[in-house]
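**Student:** Input structure: query_5.cif, which contains mmCIF, C-alpha atoms.
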```cif
data_target
loop_
_atom_site.label_atom_id
_atom_site.label_comp_id
_atom_site.auth_asym_id
_atom_site.auth_seq_id
_atom_site.Cartn_x
_atom_site.Cartn_y
_atom_site.Cartn_z
CA MET A 326 0.00 0.00 0.00
CA ALA A 327 2.84 2.38 0.92
CA ALA A 328 4.59 1.59 -2.36
CA LEU A 329 1.45 2.47 -4.30
CA PHE A 330 1.16 5.77 -2.40
CA VAL A 331 4.78 6.69 -3.23
CA PHE A 332 4.23 5.81 -6.92
CA ASP A 333 1.10 7.95 -7.05
CA GLN A 334 2.92 10.90 -5.44
CA ARG A 335 5.75 10.64 -8.00
CA ARG A 336 3.23 10.57 -10.85
CA ARG A 337 1.50 13.65 -9.47
CA LYS A 338 4.81 15.51 -9.34
CA GLN A 339 5.41 14.66 -13.00
CA ARG A 340 2.03 16.12 -13.98
CA THR A 341 3.15 19.71 -13.58
CA PHE A 342 1.62 22.28 -15.90
CA LYS A 343 3.55 25.13 -17.43
CA ASP A 344 2.36 28.65 -16.74
CA HIS A 345 0.07 29.83 -19.51
CA ILE A 346 1.74 33.00 -20.74
CA SER A 347 -1.14 35.23 -21.83
CA SER A 348 0.18 38.64 -20.80
CA LEU A 349 1.47 41.08 -23.41
CA ASP A 350 3.06 43.37 -20.83
CA HIS A 351 6.58 42.07 -21.43
CA LEU A 352 6.45 42.97 -25.15
CA SER A 353 6.83 46.37 -26.79
CA ASP A 354 4.12 47.59 -29.17
CA VAL A 355 6.33 46.78 -32.16
CA GLU A 356 7.05 43.29 -30.83
CA VAL A 357 3.33 42.62 -30.30
CA VAL A 358 2.49 43.42 -33.93
CA ASP A 359 5.53 41.54 -35.22
CA ARG A 360 4.63 38.43 -33.24
CA TYR A 361 0.83 38.43 -33.45
CA ARG A 362 0.09 40.69 -36.47
CA LEU A 363 -2.44 42.70 -34.45
CA SER A 364 -1.82 45.63 -32.13
CA ARG A 365 -2.22 45.31 -28.38
CA ILE A 366 -5.62 47.02 -28.34
CA ALA A 367 -6.80 45.04 -31.39
CA ILE A 368 -5.89 41.77 -29.65
CA ILE A 369 -7.87 42.82 -26.58
CA TYR A 370 -10.81 43.71 -28.85
CA LEU A 371 -10.57 40.33 -30.61
CA GLU A 372 -10.40 38.39 -27.34
CA ASP A 373 -13.46 40.26 -26.10
CA ASN A 374 -15.40 39.22 -29.20
CA LEU A 375 -14.30 35.58 -28.99
CA ARG A 376 -14.42 35.12 -25.21
CA ASN A 377 -17.79 33.36 -25.09
CA ASP A 378 -16.50 30.71 -27.51
CA LEU A 379 -13.01 30.38 -26.08
CA SER A 380 -13.43 30.68 -22.31
CA PRO A 381 -12.50 27.39 -20.61
CA PRO A 382 -15.44 25.46 -19.12
CA THR A 383 -13.52 24.96 -15.87
CA ASN A 384 -11.57 27.14 -13.46
CA ARG A 385 -8.91 24.50 -12.87
CA SER A 386 -5.41 25.96 -12.84
CA GLN A 387 -4.32 24.03 -15.93
CA SER A 388 -7.15 25.29 -18.18
CA VAL A 389 -6.12 27.54 -21.07
CA SER A 390 -7.47 31.07 -20.84
CA SER A 391 -9.29 32.70 -23.76
CA MET A 392 -6.48 35.25 -24.12
CA THR A 393 -3.87 32.50 -24.40
CA LYS A 394 -6.00 30.81 -27.05
CA VAL A 395 -6.16 34.04 -29.02
CA LEU A 396 -2.40 34.53 -28.81
CA VAL A 397 -1.65 30.92 -29.74
CA GLY A 398 -4.04 31.10 -32.70
CA LEU A 399 -2.61 34.36 -33.99
CA ARG A 400 0.96 33.14 -33.58
CA VAL A 401 0.40 29.86 -35.41
CA LEU A 402 -1.33 31.60 -38.31
CA SER A 403 1.40 34.22 -38.59
CA LYS A 404 4.33 31.82 -38.11
CA GLY A 405 3.25 28.76 -40.07
CA ASN A 406 3.88 25.13 -39.30
CA PHE A 407 5.83 25.55 -36.04
CA LEU A 408 3.41 24.22 -33.41
CA SER A 409 6.10 23.03 -30.99
CA GLU A 410 7.74 26.44 -30.88
CA VAL A 411 4.42 28.24 -30.40
CA ALA A 412 3.38 25.78 -27.70
CA ASP A 413 6.62 26.30 -25.75
CA LEU A 414 6.32 30.07 -26.09
CA HIS A 415 2.87 30.04 -24.50
CA GLY A 416 3.43 27.33 -21.90
CA ILE A 417 1.22 24.59 -23.31
CA SER A 418 1.78 21.22 -24.99
CA LYS A 419 1.93 20.76 -28.75
CA GLN A 420 -1.28 18.72 -28.64
CA THR A 421 -3.06 21.48 -26.76
CA ALA A 422 -1.76 24.09 -29.21
CA SER A 423 -3.19 22.11 -32.12
CA ARG A 424 -6.59 21.87 -30.44
CA VAL A 425 -6.51 25.55 -29.50
CA LEU A 426 -5.74 26.57 -33.09
CA HIS A 427 -8.92 24.98 -34.42
CA GLU A 428 -10.99 26.40 -31.56
CA PHE A 429 -9.61 29.84 -32.41
CA VAL A 430 -10.20 29.48 -36.16
CA ASP A 431 -13.79 28.35 -35.63
CA ALA A 432 -14.41 31.20 -33.18
CA VAL A 433 -13.05 33.79 -35.64
CA ASN A 434 -15.22 32.47 -38.46
CA ARG A 435 -18.31 32.45 -36.26
CA ASN A 436 -17.88 35.87 -34.69
CA ILE A 437 -15.90 38.13 -37.05
CA ASP A 438 -18.26 39.01 -39.89
CA ASN A 439 -16.25 41.47 -41.96
CA ILE A 440 -16.14 39.90 -45.46
CA ARG A 441 -19.06 41.62 -47.13
CA PHE A 442 -19.83 42.70 -50.66
CA PRO A 443 -20.90 46.37 -50.93
CA ARG A 444 -24.68 46.56 -50.97
CA THR A 445 -25.93 50.00 -50.01
CA GLN A 446 -25.87 52.89 -52.45
CA GLN A 447 -23.18 54.62 -50.39
CA GLU A 448 -21.00 51.49 -50.23
CA LEU A 449 -21.33 50.92 -53.98
CA ALA A 450 -20.56 54.57 -54.77
CA GLU A 451 -17.44 54.46 -52.59
CA ALA A 452 -16.30 51.18 -54.19
CA LYS A 453 -16.77 52.50 -57.73
CA LEU A 454 -15.05 55.78 -56.92
CA GLY A 455 -12.09 53.95 -55.39
CA PHE A 456 -11.51 51.89 -58.54
CA TYR A 457 -12.12 54.84 -60.84
CA LYS A 458 -9.41 56.83 -59.06
CA ARG A 459 -7.09 53.88 -59.46
CA CYS A 460 -7.64 52.94 -63.12
CA LYS A 461 -10.12 55.42 -64.66
CA ILE A 462 -12.66 52.69 -65.46
CA ALA A 463 -16.20 53.31 -64.23
CA ASN A 464 -18.70 50.95 -62.58
CA ILE A 465 -16.06 48.61 -61.07
CA VAL A 466 -16.75 47.33 -57.55
CA GLY A 467 -14.09 44.63 -57.14
CA ALA A 468 -11.21 42.60 -58.57
CA VAL A 469 -11.31 38.80 -58.58
CA ASP A 470 -8.73 36.03 -58.89
CA GLY A 471 -7.73 32.73 -57.33
CA THR A 472 -4.77 31.59 -55.28
CA LEU A 473 -3.24 28.28 -54.25
CA VAL A 474 -2.60 27.35 -50.62
CA PRO A 475 -0.23 24.40 -50.00
CA ILE A 476 -1.65 21.59 -47.85
CA ILE A 477 -0.55 18.14 -46.78
CA ALA A 478 -1.67 15.32 -49.08
CA PRO A 479 -5.26 14.41 -48.10
CA LYS A 480 -6.00 10.83 -47.14
CA ASP A 481 -8.81 10.63 -49.68
CA SER A 482 -8.89 11.97 -53.26
CA GLY A 483 -5.29 13.14 -52.96
CA GLU A 484 -4.78 13.31 -56.73
CA ALA A 485 -7.53 15.90 -57.06
CA TYR A 486 -5.57 18.28 -54.85
CA ILE A 487 -2.38 18.22 -56.94
CA CYS A 488 -2.22 21.54 -58.76
CA ARG A 489 -0.46 22.30 -62.03
CA LYS A 490 2.67 23.18 -60.08
CA ARG A 491 2.68 19.59 -58.81
CA PHE A 492 2.01 20.11 -55.11
CA HIS A 493 -1.09 19.50 -53.02
CA ALA A 494 -3.18 22.61 -52.52
CA ILE A 495 -6.61 24.11 -52.13
CA ASN A 496 -7.71 26.60 -54.77
CA VAL A 497 -9.40 29.69 -53.35
CA MET A 498 -11.24 32.38 -55.32
CA ALA A 499 -11.47 35.81 -53.74
CA THR A 500 -12.73 39.28 -54.59
CA CYS A 501 -11.24 42.41 -53.08
CA SER A 502 -12.03 46.12 -52.99
CA HIS A 503 -9.82 48.93 -54.27
CA ASP A 504 -8.21 49.20 -50.81
CA ARG A 505 -7.28 45.48 -50.71
CA ARG A 506 -10.09 44.40 -48.41
CA PHE A 507 -11.58 40.96 -49.09
CA ILE A 508 -15.27 41.32 -49.90
CA ASP A 509 -16.08 37.80 -51.11
CA ILE A 510 -14.32 34.43 -50.83
CA VAL A 511 -15.07 30.93 -52.06
CA ALA A 512 -12.75 28.40 -50.42
CA LYS A 513 -13.78 24.90 -51.45
CA TRP A 514 -11.96 23.69 -54.57
CA PRO A 515 -9.13 21.14 -54.84
CA GLY A 516 -5.87 22.37 -56.33
CA SER A 517 -6.44 20.67 -59.67
CA GLN A 518 -9.82 22.33 -60.19
CA HIS A 519 -10.02 25.87 -61.46
CA TYR A 520 -12.48 28.22 -59.88
CA SER A 521 -15.71 28.80 -61.73
CA SER A 522 -17.14 32.13 -62.85
CA GLU A 523 -20.65 30.82 -62.19
CA HIS A 524 -20.36 31.98 -58.59
CA MET A 525 -20.13 35.57 -59.83
CA GLU A 526 -23.07 35.37 -62.22
CA SER A 527 -25.47 36.75 -59.62
CA GLU A 528 -27.56 39.89 -59.55
CA ARG A 529 -24.85 42.16 -58.23
CA PRO A 530 -24.57 45.82 -59.13
CA GLY A 531 -21.39 46.87 -60.86
CA MET A 532 -18.67 44.79 -62.49
CA LEU A 533 -15.60 42.87 -61.37
CA MET A 534 -12.18 42.98 -63.00
CA ALA A 535 -10.61 39.64 -63.91
CA ASP A 536 -7.67 38.35 -65.92
CA SER A 537 -7.83 36.54 -69.26
CA GLY A 538 -8.48 33.19 -67.54
CA TYR A 539 -12.07 34.31 -66.97
CA PRO A 540 -14.74 34.78 -69.64
CA LEU A 541 -15.96 38.24 -70.57
CA THR A 542 -19.50 38.59 -69.17
CA THR A 543 -21.87 41.28 -68.03
CA SER A 544 -20.33 40.82 -64.55
CA LEU A 545 -16.65 40.38 -65.50
CA LEU A 546 -14.47 42.85 -67.36
CA THR A 547 -11.40 41.15 -68.85
CA PRO A 548 -8.44 42.39 -70.95
CA LEU A 549 -8.32 42.27 -74.73
CA ALA A 550 -6.38 39.30 -76.05
CA ASN A 551 -4.68 41.19 -78.88
CA PRO A 552 -4.81 44.97 -78.47
CA VAL A 553 -4.16 46.77 -81.73
CA THR A 554 -5.03 50.44 -81.38
CA PRO A 555 -3.52 52.88 -78.84
CA ALA A 556 -6.91 53.06 -77.11
CA GLU A 557 -6.98 49.27 -76.72
CA ALA A 558 -3.45 49.28 -75.28
CA ARG A 559 -4.41 52.03 -72.82
CA TYR A 560 -7.50 50.08 -71.84
CA ASN A 561 -5.46 46.94 -71.16
CA ASN A 562 -2.97 48.92 -69.05
CA ALA A 563 -5.78 50.50 -67.03
CA GLN A 564 -7.55 47.17 -66.61
CA SER A 565 -4.32 45.57 -65.37
CA LYS A 566 -3.75 48.44 -62.94
CA GLY A 567 -7.19 47.99 -61.45
CA ARG A 568 -7.00 44.19 -61.38
CA MET A 569 -3.60 44.22 -59.67
CA VAL A 570 -5.15 44.92 -56.25
CA ILE A 571 -6.27 41.31 -55.87
CA GLU A 572 -2.73 39.98 -56.41
CA GLN A 573 -1.47 42.58 -53.96
CA SER A 574 -4.12 41.50 -51.46
CA PHE A 575 -3.00 37.89 -51.70
CA GLY A 576 0.64 38.95 -51.27
CA ILE A 577 -0.16 40.96 -48.14
CA LEU A 578 -2.41 38.21 -46.74
CA LYS A 579 0.23 35.49 -47.19
CA GLY A 580 3.01 37.76 -45.95
CA ARG A 581 1.05 38.51 -42.82
CA PHE A 582 -0.10 34.93 -42.23
CA ARG A 583 2.73 32.70 -43.39
CA CYS A 584 0.74 29.53 -42.74
CA LEU A 585 -0.83 30.21 -46.16
CA HIS A 586 2.50 30.59 -47.95
CA LYS A 587 5.12 28.03 -48.90
CA THR A 588 7.67 29.76 -46.62
CA GLY A 589 5.52 28.70 -43.67
CA GLY A 590 5.50 25.06 -44.73
CA VAL A 591 2.21 23.45 -45.68
CA LEU A 592 -1.07 23.33 -43.80
CA SER A 593 -0.97 19.93 -42.06
CA TYR A 594 -4.73 19.61 -41.90
CA SER A 595 -7.64 18.30 -43.94
CA PRO A 596 -8.85 20.36 -46.90
CA GLU A 597 -11.94 21.38 -44.92
CA LYS A 598 -9.89 22.67 -41.98
CA SER A 599 -7.43 24.32 -44.36
CA CYS A 600 -10.28 26.21 -46.02
CA ALA A 601 -11.50 27.32 -42.60
CA ILE A 602 -7.99 28.56 -41.78
CA PHE A 603 -7.89 30.60 -45.00
CA MET A 604 -11.24 32.19 -44.16
CA ALA A 605 -10.06 33.08 -40.65
CA CYS A 606 -6.85 34.63 -42.01
CA ALA A 607 -8.86 36.71 -44.49
CA ARG A 608 -11.12 37.99 -41.70
CA LEU A 609 -8.08 38.88 -39.61
CA HIS A 610 -6.53 40.58 -42.66
CA ASN A 611 -9.61 42.81 -42.93
CA MET A 612 -9.41 43.44 -39.21
CA CYS A 613 -5.81 44.62 -39.63
CA LEU A 614 -7.05 47.13 -42.20
CA ASP A 615 -9.75 48.30 -39.79
CA TRP A 616 -7.07 49.03 -37.19
CA GLY A 617 -4.74 50.72 -39.66
CA LEU A 618 -2.06 48.02 -39.44
CA THR A 619 0.16 47.93 -42.50
CA LEU A 620 2.81 45.49 -43.67
CA ASP A 621 6.31 46.53 -44.69
CA ASP A 622 7.08 45.99 -48.37
CA ALA A 623 9.79 43.52 -47.36
CA GLN A 624 7.16 41.37 -45.61
CA VAL A 625 4.83 41.16 -48.62
CA VAL A 626 5.39 37.88 -50.48
CA ASP A 627 4.90 36.62 -53.98
CA PRO A 628 1.45 35.02 -53.64
CA GLY A 629 2.44 32.25 -56.05
CA GLN A 630 -0.52 32.64 -58.36
CA ASP A 631 -1.43 29.70 -60.61
CA ALA A 632 -2.17 31.61 -63.79
CA MET A 633 -5.04 30.05 -65.69
CA GLU A 634 -4.89 29.47 -69.40
CA ALA A 635 -6.63 32.17 -71.38
CA TRP A 636 -10.35 31.57 -71.78
CA MET A 637 -10.87 30.41 -75.36
CA GLY A 638 -14.63 30.81 -75.60
CA GLN A 639 -16.40 33.38 -77.76
CA PRO A 640 -18.17 36.12 -75.77
CA GLY A 641 -21.56 37.27 -76.95
CA LEU A 642 -22.02 40.42 -79.01
CA GLN A 643 -23.70 42.23 -76.13
CA VAL A 644 -20.76 41.82 -73.74
CA GLN A 645 -18.26 42.61 -76.50
CA GLU A 646 -20.09 45.86 -77.12
CA LEU A 647 -20.06 46.60 -73.40
CA ARG A 648 -16.26 46.25 -73.30
CA ARG A 649 -15.92 48.25 -76.53
CA ARG A 650 -17.70 51.18 -74.88
CA VAL A 651 -15.16 51.04 -72.04
CA VAL A 652 -12.27 50.89 -74.52
CA ASN A 653 -13.64 53.95 -76.31
CA THR A 654 -13.25 56.03 -73.16
CA PHE A 655 -9.48 55.70 -73.69
CA VAL A 656 -9.51 57.13 -77.23
#
```
Show how you would write the structure in this file as structure tokens.
**Tutor:**
Amino acid sequence: MAALFVFDQRRRKQRTFKDHISSLDHLSDVEVVDRYRLSRIAIIYLEDNLRNDLSPPTNRSQSVSSMTKVLVGLRVLSKGNFLSEVADLHGISKQTASRVLHEFVDAVNRNIDNIRFPRTQQELAEAKLGFYKRCKIANIVGAVDGTLVPIIAPKDSGEAYICRKRFHAINVMATCSHDRRFIDIVAKWPGSQHYSSEHMESERPGMLMADSGYPLTTSLLTPLANPVTPAEARYNNAQSKGRMVIEQSFGILKGRFRCLHKTGGVLSYSPEKSCAIFMACARLHNMCLDWGLTLDDAQVVDPGQDAMEAWMGQPGLQVQELRRRVVNTFV
């Protein structure tokens, strides 16, 4: 009996829990943003919005606080595939860090609703004015493109996720505003499957700019395949200038949250969880814009776009005439 008591005491001593480091007091303001991508006050705001979902169900000393969960989630997304390092930094195990990450991602996607297409007359007017100032093309409300996010090979249907660059990925289509804010995202396609323009064929006011991989439609304004006249060349240059914001948005997003970029490794999760992680990062990206947090040029990365082959279909006469009217404004 005494031997069992001694064994139990030794086991209890081994079950010591590290202190959960949730305080930001030991970091400077610059260090906070560099480590977590959000400012001190923005992190406090985020934790306040996620607290109901992240607060531990018990007051036991080893439970992980909601603030620690926020910091762990932000750090993993910004750092990439370095769970052990993030876990040690915040005084928890690697297994706990992995669980906390998915709790955090789900909480962000449930509670941070800031990916919205402009709807009101004022929002649409501001969107159109923003693009017109940028490229001198009227009636544009967004720029659309897709991007690849590296993931670990899925257990099922792995071949479908191999993209043209020969790595496993999810293929995400996103639309952004003139100020690089994500306003619409579809994250569901395997890497081998190109995004469809059908999603954009809805009754939305205004037009979107897209590259030559998309068809010319009443909703999508694309470049001319073979510009001949000076006006056509000027149109193509203006269209490219306006469309460039979506590539810039992807570069900033992946530079801020390296888990989405090849420099951060690959997402070691299922395609469904990887899509959820992308959505959470996009919401946090928009939140950074809300708080006026910028990224140094050196931190912006090449988003690694998978350029689609030019669309080879024949657009209808009506949409060709629509684009011709835009081209004529550059005469």
**Student:** Let me make sure I understand: among A:Cys613, A:Leu408, A:Val430, A:Ile465, which one has the smallest atom-to-atom distance to Tyr370 of chain A if we use only C-alpha atoms?
**Tutor:**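 Among the listed residues, the smallest separation from Tyr370 of chain A belongs to A:Cys613.
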**Student:** Please report, as a tab-separated table, each residue of segment 367-455 of chain A lying at most 7 Å from segment 498-519 of chain A, together with the nearest pair of atoms and the separation in Å rounded to one decimal; use only C-alpha atoms, and order rows by chain and ascending residue number.
**Tutor:**
```
residue	atom	partner	partner_atom	distance
A:Ile440	CA	A:Ile508	CA	4.7
A:Arg441	CA	A:Ile508	CA	4.7
A:Phe442	CA	A:Ile508	CA	4.8
A:Ala452	CA	A:Ser502	CA	6.7
A:Gly455	CA	A:His503	CA	5.6
```
**Student:** What would the selection look like, as a list in words, if the PyMOL selection byres ((chain A and resi 616-628) around 7) were run on the coordinates I just shared?
**Tutor:**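 The output of the PyMOL selection byres ((chain A and resi 616-628) around 7) on this file is Phe575, Gly576, Ile577, Lys579, Gly580, Met612, Cys613, Leu614, Asp615, Gly629 and Gln630 of chain A.
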**Student:** Let me have the centre and edge lengths in Å, one decimal, of the box along x, y and z around every listed atom of segment 550-553 of chain A with 4 Å of margin on each side, as JSON.
**Tutor:**
```
{"center_x": -5.3, "center_y": 43.0, "center_z": -78.9, "size_x": 10.2, "size_y": 15.5, "size_z": 13.7}
```
**Student:** If you measure from atom CA of Gly589 of chain A to atom CA of Asp373 of chain A, what distance in Å do you get, rounded to one decimal?
**Tutor:** 28.3 Å
**Student:** Taking the file as shown, find all residues satisfying the PyMOL selection byres ((chain A and resi 357-365) around 12) and write them as a PyMOL selection string.
**Tutor:** chain A and resi 348-356+366-372+392-393+395-405+411+414+577-583+606+609-621+624
**Student:** Write a file of the just-selected residues containing C-alpha atoms, as a PDB file, in the frame of the given file.
**Tutor:**
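Written file, part05.pdb:
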```pdb
ATOM      1  CA  SER A 348       0.180  38.640 -20.800  1.00  0.00           C
ATOM      2  CA  LEU A 349       1.470  41.080 -23.410  1.00  0.00           C
ATOM      3  CA  ASP A 350       3.060  43.370 -20.830  1.00  0.00           C
ATOM      4  CA  HIS A 351       6.580  42.070 -21.430  1.00  0.00           C
ATOM      5  CA  LEU A 352       6.450  42.970 -25.150  1.00  0.00           C
ATOM      6  CA  SER A 353       6.830  46.370 -26.790  1.00  0.00           C
ATOM      7  CA  ASP A 354       4.120  47.590 -29.170  1.00  0.00           C
ATOM      8  CA  VAL A 355       6.330  46.780 -32.160  1.00  0.00           C
ATOM      9  CA  GLU A 356       7.050  43.290 -30.830  1.00  0.00           C
ATOM     10  CA  ILE A 366      -5.620  47.020 -28.340  1.00  0.00           C
ATOM     11  CA  ALA A 367      -6.800  45.040 -31.390  1.00  0.00           C
ATOM     12  CA  ILE A 368      -5.890  41.770 -29.650  1.00  0.00           C
ATOM     13  CA  ILE A 369      -7.870  42.820 -26.580  1.00  0.00           C
ATOM     14  CA  TYR A 370     -10.810  43.710 -28.850  1.00  0.00           C
ATOM     15  CA  LEU A 371     -10.570  40.330 -30.610  1.00  0.00           C
ATOM     16  CA  GLU A 372     -10.400  38.390 -27.340  1.00  0.00           C
ATOM     17  CA  MET A 392      -6.480  35.250 -24.120  1.00  0.00           C
ATOM     18  CA  THR A 393      -3.870  32.500 -24.400  1.00  0.00           C
ATOM     19  CA  VAL A 395      -6.160  34.040 -29.020  1.00  0.00           C
ATOM     20  CA  LEU A 396      -2.400  34.530 -28.810  1.00  0.00           C
ATOM     21  CA  VAL A 397      -1.650  30.920 -29.740  1.00  0.00           C
ATOM     22  CA  GLY A 398      -4.040  31.100 -32.700  1.00  0.00           C
ATOM     23  CA  LEU A 399      -2.610  34.360 -33.990  1.00  0.00           C
ATOM     24  CA  ARG A 400       0.960  33.140 -33.580  1.00  0.00           C
ATOM     25  CA  VAL A 401       0.400  29.860 -35.410  1.00  0.00           C
ATOM     26  CA  LEU A 402      -1.330  31.600 -38.310  1.00  0.00           C
ATOM     27  CA  SER A 403       1.400  34.220 -38.590  1.00  0.00           C
ATOM     28  CA  LYS A 404       4.330  31.820 -38.110  1.00  0.00           C
ATOM     29  CA  GLY A 405       3.250  28.760 -40.070  1.00  0.00           C
ATOM     30  CA  VAL A 411       4.420  28.240 -30.400  1.00  0.00           C
ATOM     31  CA  LEU A 414       6.320  30.070 -26.090  1.00  0.00           C
ATOM     32  CA  ILE A 577      -0.160  40.960 -48.140  1.00  0.00           C
ATOM     33  CA  LEU A 578      -2.410  38.210 -46.740  1.00  0.00           C
ATOM     34  CA  LYS A 579       0.230  35.490 -47.190  1.00  0.00           C
ATOM     35  CA  GLY A 580       3.010  37.760 -45.950  1.00  0.00           C
ATOM     36  CA  ARG A 581       1.050  38.510 -42.820  1.00  0.00           C
ATOM     37  CA  PHE A 582      -0.100  34.930 -42.230  1.00  0.00           C
ATOM     38  CA  ARG A 583       2.730  32.700 -43.390  1.00  0.00           C
ATOM     39  CA  CYS A 606      -6.850  34.630 -42.010  1.00  0.00           C
ATOM     40  CA  LEU A 609      -8.080  38.880 -39.610  1.00  0.00           C
ATOM     41  CA  HIS A 610      -6.530  40.580 -42.660  1.00  0.00           C
ATOM     42  CA  ASN A 611      -9.610  42.810 -42.930  1.00  0.00           C
ATOM     43  CA  MET A 612      -9.410  43.440 -39.210  1.00  0.00           C
ATOM     44  CA  CYS A 613      -5.810  44.620 -39.630  1.00  0.00           C
ATOM     45  CA  LEU A 614      -7.050  47.130 -42.200  1.00  0.00           C
ATOM     46  CA  ASP A 615      -9.750  48.300 -39.790  1.00  0.00           C
ATOM     47  CA  TRP A 616      -7.070  49.030 -37.190  1.00  0.00           C
ATOM     48  CA  GLY A 617      -4.740  50.720 -39.660  1.00  0.00           C
ATOM     49  CA  LEU A 618      -2.060  48.020 -39.440  1.00  0.00           C
ATOM     50  CA  THR A 619       0.160  47.930 -42.500  1.00  0.00           C
ATOM     51  CA  LEU A 620       2.810  45.490 -43.670  1.00  0.00           C
ATOM     52  CA  ASP A 621       6.310  46.530 -44.690  1.00  0.00           C
ATOM     53  CA  GLN A 624       7.160  41.370 -45.610  1.00  0.00           C
TER      54      GLN A 624
END
```
**Student:** What is the distance, in Å and to one decimal place, between atom CA of Arg459 of chain A and atom CA of Ala563 of chain A?
**Tutor:** 8.4 Å
**Student:** For the provided coordinates, the residues matched by the PyMOL selection byres ((chain A and resi 605) around 9) should be stated as a ChimeraX atom specification.
**Tutor:** /A:429-434,437,600-604,606-610
**Student:** What gap, in Å, lies between atom CA of Ala494 of chain A and atom CA of Thr542 of chain A?
**Tutor:**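 Atom CA of Thr542 of chain A lies 28.3 Å from atom CA of Ala494 of chain A.
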**Student:** So that I can see what lies close to Glu646 of chain A, please list as a PyMOL selection string the residues with an atom at most 12 Å from it, counting only C-alpha atoms and leaving out residues fewer than 6 positions away in the same chain.
**Tutor:** chain A and resi 541-543+546+640+652-653
**Student:** Which residue out of A:Arg376, A:Arg648, A:His415, A:Lys480 has the minimum interatomic distance to Pro548 of chain A when all atoms listed in the file are used?
**Tutor:**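 Counting all atoms listed in the file, the residue closest to Pro548 of chain A is A:Arg648.
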